[in-house]
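Asks: Next up, protein-v7.txt (compact mmCIF, C-alpha atoms and all ligand atoms).
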```
# COMPACT_ATOMS: atom_id res chain seq x y z
CA MET A 1 235.38 215.29 -56.32
CA SER A 2 237.05 212.13 -55.14
CA GLU A 3 235.55 212.77 -51.74
CA ILE A 4 232.07 212.64 -53.29
CA ASP A 5 232.89 209.52 -55.29
CA GLN A 6 234.07 207.79 -52.16
CA LEU A 7 230.97 208.87 -50.27
CA ARG A 8 228.78 207.61 -53.10
CA GLY A 9 230.52 204.23 -53.07
CA GLU A 10 230.19 203.80 -49.33
CA VAL A 11 226.57 204.93 -49.05
CA LEU A 12 225.34 202.84 -52.00
CA ALA A 13 227.19 199.82 -50.63
CA ALA A 14 225.47 200.27 -47.26
CA VAL A 15 222.06 200.67 -48.92
CA ASN A 16 222.47 197.57 -51.06
CA ALA A 17 223.80 195.56 -48.15
CA ALA A 18 220.73 196.29 -45.98
CA THR A 19 218.90 193.00 -45.42
CA ASP A 20 215.92 194.41 -43.56
CA VAL A 21 213.95 197.65 -43.21
CA PRO A 22 215.66 198.91 -40.01
CA ALA A 23 219.14 198.43 -41.58
CA LEU A 24 218.01 200.32 -44.67
CA GLU A 25 216.64 203.14 -42.53
CA GLU A 26 219.93 203.28 -40.67
CA ALA A 27 221.82 203.68 -43.99
CA ARG A 28 219.41 206.43 -45.04
CA VAL A 29 219.84 208.38 -41.81
CA GLU A 30 223.59 208.05 -42.00
CA ALA A 31 223.63 209.64 -45.47
CA LEU A 32 220.60 211.91 -45.67
CA GLY A 33 219.50 212.42 -42.06
CA LYS A 34 219.91 215.75 -40.26
CA LYS A 35 223.41 214.81 -39.19
CA GLY A 36 224.04 212.65 -42.24
CA ARG A 37 227.17 212.76 -44.35
CA VAL A 38 225.55 214.19 -47.48
CA THR A 39 223.60 216.69 -45.40
CA GLY A 40 226.88 217.72 -43.73
CA LEU A 41 228.50 218.45 -47.08
CA MET A 42 225.47 220.46 -48.16
CA LYS A 43 225.81 222.60 -45.07
CA ASN A 44 229.39 223.37 -46.15
CA LEU A 45 228.14 224.94 -49.40
CA GLY A 46 227.56 228.20 -47.58
CA THR A 47 231.26 228.60 -46.89
CA MET A 48 232.23 228.20 -50.58
CA SER A 49 232.71 230.75 -53.31
CA PRO A 50 229.72 231.14 -55.69
CA ASP A 51 231.44 229.24 -58.52
CA GLU A 52 232.52 226.40 -56.29
CA ARG A 53 229.09 226.28 -54.72
CA LYS A 54 227.43 225.93 -58.14
CA VAL A 55 229.53 222.95 -59.22
CA PHE A 56 229.55 221.30 -55.85
CA GLY A 57 225.85 221.91 -55.25
CA GLN A 58 224.87 220.22 -58.50
CA LEU A 59 227.03 217.22 -57.69
CA LEU A 60 225.57 216.88 -54.23
CA ASN A 61 221.98 217.15 -55.50
CA ALA A 62 222.63 214.46 -58.08
CA LEU A 63 224.16 212.28 -55.38
CA LYS A 64 221.16 212.81 -53.12
CA THR A 65 218.76 211.77 -55.90
CA GLU A 66 220.89 208.75 -56.71
CA ILE A 67 220.88 207.62 -53.07
CA GLU A 68 217.12 208.12 -52.76
CA THR A 69 216.52 206.05 -55.90
CA ALA A 70 218.77 203.30 -54.56
CA ILE A 71 216.91 203.30 -51.23
CA SER A 72 213.50 202.97 -52.96
CA ALA A 73 214.79 200.13 -55.12
CA GLN A 74 216.23 198.32 -52.10
CA ARG A 75 213.01 198.89 -50.16
CA ALA A 76 210.95 197.34 -52.97
CA LYS A 77 213.33 194.36 -53.04
CA LEU A 78 212.99 193.87 -49.27
CA ASP A 79 209.18 194.14 -49.43
CA THR A 80 208.94 191.53 -52.18
CA ALA A 81 211.25 189.20 -50.26
CA ALA A 82 209.20 189.67 -47.07
CA LEU A 83 205.95 188.92 -48.91
CA ASP A 84 207.46 185.83 -50.55
CA ALA A 85 208.67 184.60 -47.17
CA LYS A 86 205.24 185.21 -45.62
CA LEU A 87 203.43 183.40 -48.43
CA ALA A 88 205.86 180.51 -48.22
CA SER A 89 205.41 180.14 -44.47
CA GLU A 90 201.61 180.38 -44.72
CA THR A 91 201.04 177.71 -47.35
CA MET A 92 198.35 175.28 -46.40
CA ASP A 93 198.06 171.69 -47.49
CA VAL A 94 194.36 171.38 -48.23
CA THR A 95 194.70 167.64 -48.73
CA LEU A 96 195.49 167.08 -45.04
CA PRO A 97 192.71 165.32 -43.12
CA ILE A 98 190.48 167.39 -40.78
CA ARG A 99 191.76 167.36 -37.23
CA PRO A 100 189.48 165.15 -35.14
CA GLU A 101 189.03 167.77 -32.43
CA THR A 102 187.55 170.32 -34.84
CA LYS A 103 184.60 168.12 -35.75
CA GLY A 104 181.38 170.14 -35.44
CA SER A 105 177.77 169.05 -35.44
CA LEU A 106 174.38 170.40 -36.42
CA HIS A 107 172.16 171.72 -33.63
CA PRO A 108 168.93 169.72 -33.27
CA ILE A 109 166.98 172.88 -34.23
CA SER A 110 168.78 173.09 -37.58
CA GLN A 111 168.37 169.37 -38.10
CA THR A 112 164.65 169.48 -37.32
CA ILE A 113 164.06 172.42 -39.67
CA ASP A 114 166.00 170.59 -42.40
CA GLU A 115 163.86 167.49 -41.90
CA MET A 116 160.65 169.53 -42.11
CA ALA A 117 161.92 171.29 -45.23
CA ALA A 118 162.62 167.90 -46.83
CA ILE A 119 159.07 166.68 -46.15
CA PHE A 120 157.26 169.87 -47.17
CA GLY A 121 159.68 170.32 -50.06
CA ALA A 122 158.54 166.97 -51.45
CA MET A 123 154.94 168.23 -51.24
CA GLY A 124 155.84 171.26 -53.38
CA PHE A 125 156.37 173.88 -50.65
CA THR A 126 159.18 176.41 -50.91
CA ILE A 127 160.82 178.29 -48.03
CA ALA A 128 160.01 181.92 -47.23
CA GLU A 129 161.66 184.13 -44.63
CA GLY A 130 161.05 187.48 -43.01
CA PRO A 131 162.68 189.87 -40.52
CA ASP A 132 162.88 189.20 -36.77
CA VAL A 133 162.18 192.90 -36.10
CA GLU A 134 158.64 193.52 -37.27
CA ASP A 135 156.11 196.31 -37.24
CA ASP A 136 152.67 196.26 -35.70
CA PHE A 137 150.98 195.95 -39.11
CA HIS A 138 152.61 192.65 -40.10
CA ASN A 139 152.72 191.06 -36.64
CA PHE A 140 149.18 192.02 -35.57
CA THR A 141 146.95 194.37 -37.59
CA ALA A 142 147.07 192.60 -40.96
CA LEU A 143 146.60 189.30 -39.11
CA ASN A 144 143.20 190.53 -37.93
CA PHE A 145 144.23 191.49 -34.41
CA PRO A 146 142.28 194.77 -34.12
CA PRO A 147 143.94 197.49 -32.00
CA GLY A 148 143.23 196.79 -28.33
CA HIS A 149 142.26 193.18 -29.03
CA PRO A 150 143.05 191.02 -25.97
CA ALA A 151 144.86 188.45 -28.14
CA ARG A 152 147.64 191.02 -28.55
CA GLU A 153 148.29 190.85 -24.82
CA MET A 154 148.53 187.06 -24.94
CA HIS A 155 151.71 187.35 -26.93
CA ASP A 156 153.94 188.95 -24.26
CA THR A 157 155.53 191.12 -26.90
CA PHE A 158 159.01 192.62 -26.72
CA PHE A 159 158.61 196.19 -27.99
CA LEU A 160 161.52 198.28 -29.24
CA PRO A 161 161.81 201.99 -28.38
CA PRO A 162 159.98 204.06 -31.05
CA ASP A 163 162.15 205.52 -33.82
CA GLN A 164 162.43 209.25 -34.67
CA GLU A 165 159.16 209.21 -36.63
CA GLY A 166 157.44 207.53 -33.69
CA ASN A 167 157.12 204.11 -35.41
CA ARG A 168 157.01 201.32 -32.88
CA TYR A 169 158.81 198.11 -33.84
CA LEU A 170 158.75 194.78 -32.03
CA LEU A 171 160.37 191.36 -32.05
CA ARG A 172 157.96 189.13 -33.95
CA THR A 173 155.91 186.98 -31.59
CA HIS A 174 155.23 184.34 -34.26
CA THR A 175 156.21 183.53 -37.85
CA SER A 176 152.71 184.48 -39.08
CA PRO A 177 153.77 188.03 -40.19
CA VAL A 178 155.65 186.31 -43.00
CA GLN A 179 152.28 185.04 -44.25
CA ILE A 180 151.39 188.70 -44.84
CA ARG A 181 154.73 189.50 -46.46
CA THR A 182 154.39 186.51 -48.76
CA MET A 183 150.80 187.28 -49.80
CA LEU A 184 151.71 190.92 -50.48
CA ASN A 185 154.69 189.93 -52.62
CA GLU A 186 153.63 186.78 -54.46
CA LYS A 187 150.70 185.82 -56.62
CA PRO A 188 148.70 182.68 -55.75
CA PRO A 189 149.02 179.74 -55.94
CA ILE A 190 151.18 180.07 -52.83
CA ARG A 191 152.72 177.13 -51.01
CA VAL A 192 155.39 178.14 -48.49
CA ILE A 193 156.84 177.09 -45.18
CA ILE A 194 158.41 179.73 -42.98
CA PRO A 195 160.95 178.61 -40.37
CA GLY A 196 162.45 181.19 -38.05
CA ARG A 197 163.09 182.72 -34.66
CA THR A 198 160.23 184.12 -32.61
CA TYR A 199 160.24 186.04 -29.33
CA ARG A 200 158.01 186.28 -26.29
CA CYS A 201 158.76 187.70 -22.88
CA ASP A 202 158.45 184.44 -21.01
CA TYR A 203 160.92 182.14 -19.23
CA ASP A 204 160.25 178.93 -17.33
CA MET A 205 160.59 175.15 -17.74
CA THR A 206 158.66 175.14 -21.02
CA HIS A 207 159.24 178.69 -22.34
CA THR A 208 162.33 180.58 -23.50
CA PRO A 209 162.26 184.25 -24.62
CA MET A 210 163.51 183.17 -28.06
CA PHE A 211 162.23 180.03 -29.72
CA HIS A 212 161.56 178.77 -33.23
CA GLN A 213 158.42 178.25 -35.20
CA ILE A 214 157.67 176.84 -38.58
CA GLU A 215 154.70 178.30 -40.35
CA GLY A 216 152.88 176.92 -43.38
CA LEU A 217 150.73 178.83 -45.84
CA VAL A 218 148.77 177.58 -48.83
CA ILE A 219 146.64 179.94 -50.95
CA ASP A 220 144.78 178.83 -54.06
CA THR A 221 141.32 179.04 -55.60
CA GLU A 222 139.99 175.71 -54.31
CA THR A 223 141.72 175.11 -51.00
CA ASN A 224 139.68 173.60 -48.20
CA MET A 225 139.91 172.04 -44.76
CA ALA A 226 140.39 168.55 -46.23
CA HIS A 227 143.62 169.74 -47.88
CA LEU A 228 144.80 171.10 -44.53
CA LYS A 229 144.03 167.79 -42.80
CA GLY A 230 145.63 165.62 -45.47
CA CYS A 231 148.74 167.77 -45.66
CA LEU A 232 149.34 167.85 -41.89
CA GLN A 233 148.53 164.18 -41.34
CA GLU A 234 151.02 163.23 -44.05
CA PHE A 235 153.59 165.54 -42.50
CA VAL A 236 153.43 164.08 -38.97
CA ARG A 237 153.46 160.51 -40.33
CA MET A 238 156.67 161.18 -42.21
CA PHE A 239 158.26 163.34 -39.51
CA PHE A 240 157.71 160.86 -36.68
CA GLY A 241 158.16 157.82 -38.91
CA VAL A 242 154.83 156.27 -37.90
CA ASP A 243 153.02 155.24 -41.10
CA ASP A 244 149.49 154.99 -39.70
CA LEU A 245 149.70 157.79 -37.11
CA THR A 246 146.21 159.18 -36.45
CA VAL A 247 145.53 162.85 -35.93
CA ARG A 248 142.66 164.67 -34.21
CA PHE A 249 141.47 168.25 -34.73
CA ARG A 250 139.97 170.25 -31.88
CA PRO A 251 138.28 173.62 -32.40
CA SER A 252 140.43 176.54 -31.31
CA PHE A 253 140.82 180.27 -31.83
CA PHE A 254 143.35 182.38 -33.70
CA PRO A 255 142.37 185.86 -34.99
CA PHE A 256 143.87 185.11 -38.42
CA THR A 257 142.15 181.78 -39.13
CA GLU A 258 138.49 180.78 -39.33
CA PRO A 259 137.74 178.05 -38.54
CA SER A 260 140.75 177.47 -36.29
CA ALA A 261 141.93 174.18 -34.87
CA GLU A 262 144.59 172.51 -32.81
CA MET A 263 145.94 169.24 -34.07
CA ASP A 264 146.76 166.33 -31.77
CA ILE A 265 148.65 163.18 -32.62
CA GLY A 266 148.23 159.75 -31.05
CA CYS A 267 150.55 158.86 -28.20
CA SER A 268 151.01 156.84 -25.04
CA ARG A 269 152.14 158.09 -21.65
CA ALA A 270 152.16 154.68 -20.01
CA GLY A 271 154.79 154.26 -17.31
CA GLY A 272 155.70 157.95 -17.55
CA GLU A 273 157.27 157.41 -20.98
CA LEU A 274 155.96 159.33 -23.98
CA LYS A 275 155.59 157.28 -27.16
CA ILE A 276 154.20 158.59 -30.47
CA GLY A 277 151.70 156.19 -32.09
CA ASN A 278 148.08 155.05 -31.95
CA TYR A 279 147.91 154.16 -28.28
CA GLY A 280 144.67 155.95 -27.39
CA ASP A 281 146.15 159.06 -25.72
CA TRP A 282 146.60 162.44 -27.48
CA LEU A 283 149.31 165.07 -27.68
CA GLU A 284 148.83 168.61 -28.98
CA ILE A 285 151.25 169.38 -31.77
CA LEU A 286 150.25 172.50 -33.73
CA GLY A 287 147.76 175.29 -34.42
CA CYS A 288 146.09 175.69 -37.79
CA GLY A 289 143.04 176.89 -39.68
CA MET A 290 141.61 178.38 -42.85
CA VAL A 291 143.03 181.83 -43.58
CA HIS A 292 140.54 184.47 -42.34
CA PRO A 293 138.88 186.55 -45.10
CA ASN A 294 140.04 189.74 -43.34
CA VAL A 295 143.65 188.57 -43.68
CA LEU A 296 143.18 187.91 -47.39
CA LYS A 297 141.64 191.38 -47.79
CA ALA A 298 144.54 193.00 -45.91
CA CYS A 299 146.81 191.42 -48.53
CA ASN A 300 144.67 192.60 -51.46
CA LEU A 301 143.36 189.11 -52.22
CA ASP A 302 139.66 188.67 -52.96
CA PRO A 303 138.20 186.13 -50.47
CA GLU A 304 135.52 185.27 -53.05
CA VAL A 305 138.26 183.97 -55.32
CA TYR A 306 141.02 182.76 -53.01
CA GLN A 307 141.04 180.56 -49.94
CA GLY A 308 143.87 179.00 -48.05
CA PHE A 309 145.07 177.29 -44.94
CA ALA A 310 147.86 178.05 -42.50
CA PHE A 311 149.54 176.25 -39.65
CA GLY A 312 152.19 177.01 -37.07
CA MET A 313 154.29 174.71 -34.98
CA GLY A 314 157.00 175.07 -32.34
CA VAL A 315 160.28 173.64 -33.62
CA GLU A 316 161.82 172.98 -30.19
CA ARG A 317 158.67 171.19 -29.08
CA VAL A 318 158.63 168.69 -31.94
CA ALA A 319 162.42 168.27 -31.75
CA MET A 320 162.05 167.39 -28.05
CA LEU A 321 159.31 164.88 -28.87
CA LYS A 322 161.18 163.27 -31.72
CA TYR A 323 164.62 163.12 -30.12
CA GLY A 324 163.67 162.62 -26.49
CA ILE A 325 165.21 165.88 -25.30
CA PRO A 326 163.70 166.49 -21.85
CA ASP A 327 164.46 170.18 -21.11
CA LEU A 328 163.77 173.09 -23.47
CA ARG A 329 166.29 175.41 -21.87
CA THR A 330 169.22 173.13 -22.73
CA PHE A 331 168.73 174.06 -26.41
CA PHE A 332 170.23 177.48 -25.75
CA GLU A 333 172.90 176.78 -23.14
CA SER A 334 175.65 176.04 -25.71
CA ASP A 335 176.90 173.18 -23.57
CA LEU A 336 179.37 171.30 -25.77
CA ARG A 337 178.58 167.99 -24.09
CA TRP A 338 174.88 168.47 -24.88
CA LEU A 339 175.66 169.53 -28.46
CA LYS A 340 177.87 166.49 -28.91
CA HIS A 341 175.20 164.19 -27.57
CA TYR A 342 172.21 165.62 -29.45
CA GLY A 343 174.02 167.03 -32.49
CA PHE A 344 173.81 165.67 -36.01
CA ALA A 345 176.50 164.98 -38.58
CA ALA A 346 176.76 168.07 -40.76
CA LEU A 347 177.01 166.25 -44.09
CA ASP A 348 174.13 163.88 -43.44
CA VAL A 349 171.48 166.01 -45.15
CA PRO A 350 167.90 164.87 -44.45
CA SER A 351 165.97 163.60 -47.45
CA LEU A 352 162.97 161.37 -48.01
CA THR A 353 165.06 158.84 -49.93
CA SER A 354 168.21 158.62 -47.81
CA GLY A 355 166.46 159.03 -44.45
CA LEU A 356 165.31 162.01 -42.44
CA SER A 357 167.27 161.68 -39.24
CA GLY A 358 170.38 160.15 -40.75
CA GLY A 359 172.77 158.30 -38.53
CA GLY A 360 173.22 161.34 -36.30
CA LEU A 361 176.48 161.70 -34.40
CA ASN A 362 175.69 159.35 -31.59
CA ARG A 363 172.87 157.38 -33.06
N1 LIG B 401 150.83 181.97 -34.99
C1 LIG B 401 150.17 180.99 -34.13
C2 LIG B 401 150.91 180.99 -32.78
O1 LIG B 401 152.00 181.46 -32.70
C3 LIG B 401 150.17 179.62 -34.74
C4 LIG B 401 149.33 179.51 -35.97
C5 LIG B 401 149.87 179.72 -37.22
C6 LIG B 401 147.98 179.16 -35.89
C7 LIG B 401 149.08 179.62 -38.36
C8 LIG B 401 147.19 179.05 -37.00
C9 LIG B 401 147.74 179.28 -38.23
O2 LIG B 401 150.41 180.48 -31.82
```
Let's see the structure in the file written out as structure tokens.
Replies:
Amino acid sequence: MSEIDQLRGEVLAAVNAATDVPALEEARVEALGKKGRVTGLMKNLGTMSPDERKVFGQLLNALKTEIETAISAQRAKLDTAALDAKLASETMDVTLPIRPETKGSLHPISQTIDEMAAIFGAMGFTIAEGPDVEDDFHNFTALNFPPGHPAREMHDTFFLPPDQEGNRYLLRTHTSPVQIRTMLNEKPPIRVIIPGRTYRCDYDMTHTPMFHQIEGLVIDTETNMAHLKGCLQEFVRMFFGVDDLTVRFRPSFFPFTEPSAEMDIGCSRAGGELKIGNYGDWLEILGCGMVHPNVLKACNLDPEVYQGFAFGMGVERVAMLKYGIPDLRTFFESDLRWLKHYGFAALDVPSLTSGLSGGGLNR
């Protein structure tokens, strides 16, 4: 009896004195492990008389339970203390100033898209988006590219391997498939701009396999070419900050617009320096046109009731023109020095009232 009492005292003292998990485990092994003291006594039961064994066995079982309870309680205490210590050491003072070296900046692509969204937003356009991985229907067929049409080849498409059902997906070659998605999902009047990534298998001084476009789509019952002209002229005047900038439309071809046009803006190339303004020279800036009746039909819109215009523009191209960035490929090299030089302050959000291009980081 007294032997058990003494054992109980010693083991419980060791358990309660354990200040970390390994010490607690050591106390447990010493009492209840294979060669532990309590286990040792239990092994002795076999040598006792049945009466002795009954009394002694009950006492030992009670002791074992008591020790196990004590270990669990101590373990919970240690866990709580460890968590408290961790929380205390990880506290963060959110009032501390930002470290100067962590200052980030907005990529000129993001900035340019934000500026365009501010201008078109003021004209009542909202933003629509679609997937980068498209199917043939949205990227080509619904846009009036018949199967086998040579214009499909002009796009240098990246095709994905066909899926199990044999469906062939591709990386969208332009943002125009989102015109289709928008017309299928929304009722006119529609006024959206669609910024996003586009992909073509092409790489040289003026082409990268991934680039950005911004698309525009307007669908209503009385939309005409004059609306297209007024809208785009107003846009380039605001975007380039030249109030009287003149624009010129040249006939062009896109399967999904009729008539189709390319829009030029006034510029000067005198002395090898490109300047935007009415200097007598011209610079191509975007493709546009009136939405083709076949496209409206593919989207279940009656061409006798609805008309619309669409336009598409390369974001890198206009960013280069506006910010004097000479080489397209530098946009995607992630060179920190370039990003620091051409980046924009993240909190300087473009707006028509506070200024489109803000102060920039280095402007
Ligand atoms: N999707 C055309 C391209 O990538 C641009 C465009 C858009 C032209 C909308 C007309 C209307 O070249």
Asks: Please identify all protein, DNA and RNA residues within 6 Å of ligand LIG 401 (chain B), counting all atoms listed in the file, and report them as a PyMOL selection string.
Replies: chain A and resi 174+176+215+287-289+310-312
Asks: Could you tell me how far CA of Thr223 (chain A) lies from CA of His292 (chain A), in Å and to one decimal?
Replies: 12.8 Å
Asks: Within 8 Å of Pro108 (chain A), counting all atoms listed in the file, which residues show up once you throw out same-chain ones fewer than 2 positions away? Write them as a list in words, please.
Replies: Leu106, Ser110, Gln111, Thr112, Ala319, Tyr342, Gly343 and Phe344 of chain A
Asks: Any chance you can output those residues with C-alpha atoms as an mmCIF file, in the coordinates of the input?
Replies:
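Produced file again-v7.cif, reproduced below:
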```
data_model
loop_
_atom_site.group_PDB
_atom_site.id
_atom_site.type_symbol
_atom_site.label_atom_id
_atom_site.label_comp_id
_atom_site.auth_asym_id
_atom_site.auth_seq_id
_atom_site.Cartn_x
_atom_site.Cartn_y
_atom_site.Cartn_z
ATOM 1 C CA LEU A 106 174.380 170.400 -36.420
ATOM 2 C CA SER A 110 168.780 173.090 -37.580
ATOM 3 C CA GLN A 111 168.370 169.370 -38.100
ATOM 4 C CA THR A 112 164.650 169.480 -37.320
ATOM 5 C CA ALA A 319 162.420 168.270 -31.750
ATOM 6 C CA TYR A 342 172.210 165.620 -29.450
ATOM 7 C CA GLY A 343 174.020 167.030 -32.490
ATOM 8 C CA PHE A 344 173.810 165.670 -36.010
#
```
Asks: Please provide the set of residues having any atom within 9 Å of Met225 (chain A), restricted to all atoms listed in the file, with same-chain residues fewer than 5 positions apart removed, written as a list in words.
Replies: Gly230, Pro259, Gly289, Met290, Gly308 and Phe309 of chain A
Asks: Between A:Arg172, A:His138, A:Lys43, A:Lys340, which is the closest to His155 (chain A) once you count only C-alpha atoms?
Replies: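 Closest to His155 (chain A), using only C-alpha atoms: A:Arg172.
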Asks: Applying 6 Å and only C-alpha atoms, which residues near region 141-147 of chain A remain after dropping the ones on its own chain fewer than 6 positions away? List them as a PyMOL selection string.
Replies: chain A and resi 255-256+295+298
Asks: For those residues, write C-alpha atoms to a file as a compact mmCIF listing (two decimals), in the coordinates of the input.
Replies:
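Output file selection-v1.txt follows:
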```
# COMPACT_ATOMS: atom_id res chain seq x y z
CA PRO A 255 142.37 185.86 -34.99
CA PHE A 256 143.87 185.11 -38.42
CA VAL A 295 143.65 188.57 -43.68
CA ALA A 298 144.54 193.00 -45.91
```
Asks: Of the candidates A:Lys77, A:Lys187, A:Pro131, A:Gly196, which one gets nearest to Leu171 (chain A) if we count all atoms listed in the file?
Replies: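 Ranking A:Lys77, A:Lys187, A:Pro131, A:Gly196 by distance to Leu171 (chain A), first place goes to A:Pro131.
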Asks: Mind checking which residues fall within 12 Å of region 208-212 of chain A, counting only C-alpha atoms, ignoring those fewer than 2 positions away in the same chain, and posting them as a PyMOL selection string?
Replies: chain A and resi 108-110+112-113+132+155-158+171-175+194-206+214-215+312-319+327-333
Asks: Output C-alpha atoms for every residue in the selection just made, as a PDB file, in the coordinates of the input.
Replies:
```
ATOM      1  CA  PRO A 108     168.930 169.720 -33.270  1.00  0.00           C
ATOM      2  CA  ILE A 109     166.980 172.880 -34.230  1.00  0.00           C
ATOM      3  CA  SER A 110     168.780 173.090 -37.580  1.00  0.00           C
ATOM      4  CA  THR A 112     164.650 169.480 -37.320  1.00  0.00           C
ATOM      5  CA  ILE A 113     164.060 172.420 -39.670  1.00  0.00           C
ATOM      6  CA  ASP A 132     162.880 189.200 -36.770  1.00  0.00           C
ATOM      7  CA  HIS A 155     151.710 187.350 -26.930  1.00  0.00           C
ATOM      8  CA  ASP A 156     153.940 188.950 -24.260  1.00  0.00           C
ATOM      9  CA  THR A 157     155.530 191.120 -26.900  1.00  0.00           C
ATOM     10  CA  PHE A 158     159.010 192.620 -26.720  1.00  0.00           C
ATOM     11  CA  LEU A 171     160.370 191.360 -32.050  1.00  0.00           C
ATOM     12  CA  ARG A 172     157.960 189.130 -33.950  1.00  0.00           C
ATOM     13  CA  THR A 173     155.910 186.980 -31.590  1.00  0.00           C
ATOM     14  CA  HIS A 174     155.230 184.340 -34.260  1.00  0.00           C
ATOM     15  CA  THR A 175     156.210 183.530 -37.850  1.00  0.00           C
ATOM     16  CA  ILE A 194     158.410 179.730 -42.980  1.00  0.00           C
ATOM     17  CA  PRO A 195     160.950 178.610 -40.370  1.00  0.00           C
ATOM     18  CA  GLY A 196     162.450 181.190 -38.050  1.00  0.00           C
ATOM     19  CA  ARG A 197     163.090 182.720 -34.660  1.00  0.00           C
ATOM     20  CA  THR A 198     160.230 184.120 -32.610  1.00  0.00           C
ATOM     21  CA  TYR A 199     160.240 186.040 -29.330  1.00  0.00           C
ATOM     22  CA  ARG A 200     158.010 186.280 -26.290  1.00  0.00           C
ATOM     23  CA  CYS A 201     158.760 187.700 -22.880  1.00  0.00           C
ATOM     24  CA  ASP A 202     158.450 184.440 -21.010  1.00  0.00           C
ATOM     25  CA  TYR A 203     160.920 182.140 -19.230  1.00  0.00           C
ATOM     26  CA  ASP A 204     160.250 178.930 -17.330  1.00  0.00           C
ATOM     27  CA  MET A 205     160.590 175.150 -17.740  1.00  0.00           C
ATOM     28  CA  THR A 206     158.660 175.140 -21.020  1.00  0.00           C
ATOM     29  CA  ILE A 214     157.670 176.840 -38.580  1.00  0.00           C
ATOM     30  CA  GLU A 215     154.700 178.300 -40.350  1.00  0.00           C
ATOM     31  CA  GLY A 312     152.190 177.010 -37.070  1.00  0.00           C
ATOM     32  CA  MET A 313     154.290 174.710 -34.980  1.00  0.00           C
ATOM     33  CA  GLY A 314     157.000 175.070 -32.340  1.00  0.00           C
ATOM     34  CA  VAL A 315     160.280 173.640 -33.620  1.00  0.00           C
ATOM     35  CA  GLU A 316     161.820 172.980 -30.190  1.00  0.00           C
ATOM     36  CA  ARG A 317     158.670 171.190 -29.080  1.00  0.00           C
ATOM     37  CA  VAL A 318     158.630 168.690 -31.940  1.00  0.00           C
ATOM     38  CA  ALA A 319     162.420 168.270 -31.750  1.00  0.00           C
ATOM     39  CA  ASP A 327     164.460 170.180 -21.110  1.00  0.00           C
ATOM     40  CA  LEU A 328     163.770 173.090 -23.470  1.00  0.00           C
ATOM     41  CA  ARG A 329     166.290 175.410 -21.870  1.00  0.00           C
ATOM     42  CA  THR A 330     169.220 173.130 -22.730  1.00  0.00           C
ATOM     43  CA  PHE A 331     168.730 174.060 -26.410  1.00  0.00           C
ATOM     44  CA  PHE A 332     170.230 177.480 -25.750  1.00  0.00           C
ATOM     45  CA  GLU A 333     172.900 176.780 -23.140  1.00  0.00           C
TER      46      GLU A 333
END
```
Asks: May I ask which of the residues A:Asp335, A:Asp281, A:Thr126, A:Gly266 is the closest one to Val218 (chain A), counting only C-alpha atoms?
Replies: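 Under the stated criterion, the closest residue is A:Thr126.
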Asks: Between A:Asp93, A:Asp348, A:Asp163, A:Asp302, which residue has the minimum interatomic distance to Pro188 (chain A), considering all atoms listed in the file?
Replies: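 Closest to Pro188 (chain A), using all atoms listed in the file: A:Asp302.
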Asks: Any idea what the distance is between CA of Leu63 (chain A) and CA of Ile4 (chain A)?
Replies: 8.2 Å
Asks: Identify which of the residues A:Gln74, A:Thr65, A:Ser354, A:Asn167 lies closest to Ala23 (chain A), counting all atoms listed in the file when measuring atom-to-atom distances.
Replies: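 Selected residue with least distance to Ala23 (chain A): A:Gln74.
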Asks: Up to 12 Å from (148.0, 158.7, -40.3) in the file's coordinates: name the residues, counting only C-alpha atoms, as a CSV table (one decimal) with C-alpha atoms, in the coordinates of the input.
Replies:
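Below is the file that was written, result-v3.csv:
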```csv
chain,number,residue,atom,x,y,z
A,229,LYS,CA,144.0,167.8,-42.8
A,230,GLY,CA,145.6,165.6,-45.5
A,231,CYS,CA,148.7,167.8,-45.7
A,232,LEU,CA,149.3,167.8,-41.9
A,233,GLN,CA,148.5,164.2,-41.3
A,234,GLU,CA,151.0,163.2,-44.0
A,235,PHE,CA,153.6,165.5,-42.5
A,236,VAL,CA,153.4,164.1,-39.0
A,237,ARG,CA,153.5,160.5,-40.3
A,238,MET,CA,156.7,161.2,-42.2
A,239,PHE,CA,158.3,163.3,-39.5
A,240,PHE,CA,157.7,160.9,-36.7
A,241,GLY,CA,158.2,157.8,-38.9
A,242,VAL,CA,154.8,156.3,-37.9
A,243,ASP,CA,153.0,155.2,-41.1
A,244,ASP,CA,149.5,155.0,-39.7
A,245,LEU,CA,149.7,157.8,-37.1
A,246,THR,CA,146.2,159.2,-36.4
A,247,VAL,CA,145.5,162.8,-35.9
A,248,ARG,CA,142.7,164.7,-34.2
A,264,ASP,CA,146.8,166.3,-31.8
A,265,ILE,CA,148.6,163.2,-32.6
A,266,GLY,CA,148.2,159.8,-31.0
A,276,ILE,CA,154.2,158.6,-30.5
A,277,GLY,CA,151.7,156.2,-32.1
A,278,ASN,CA,148.1,155.0,-32.0
```
Asks: Kindly indicate which residue among A:Met123, A:Val21, A:Leu160, A:Ala73 lies nearest to His227 (chain A), using all atoms listed in the file for the distances.
Replies: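 Distance minimum relative to His227 (chain A) lands on A:Met123.
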Asks: Figure out the distance between CA of Ser334 (chain A) and CA of Ile98 (chain A), please, to one decimal in Å.
Replies: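 Answer for the CA of Ile98 (chain A) to CA of Ser334 (chain A) separation: 22.8 Å.
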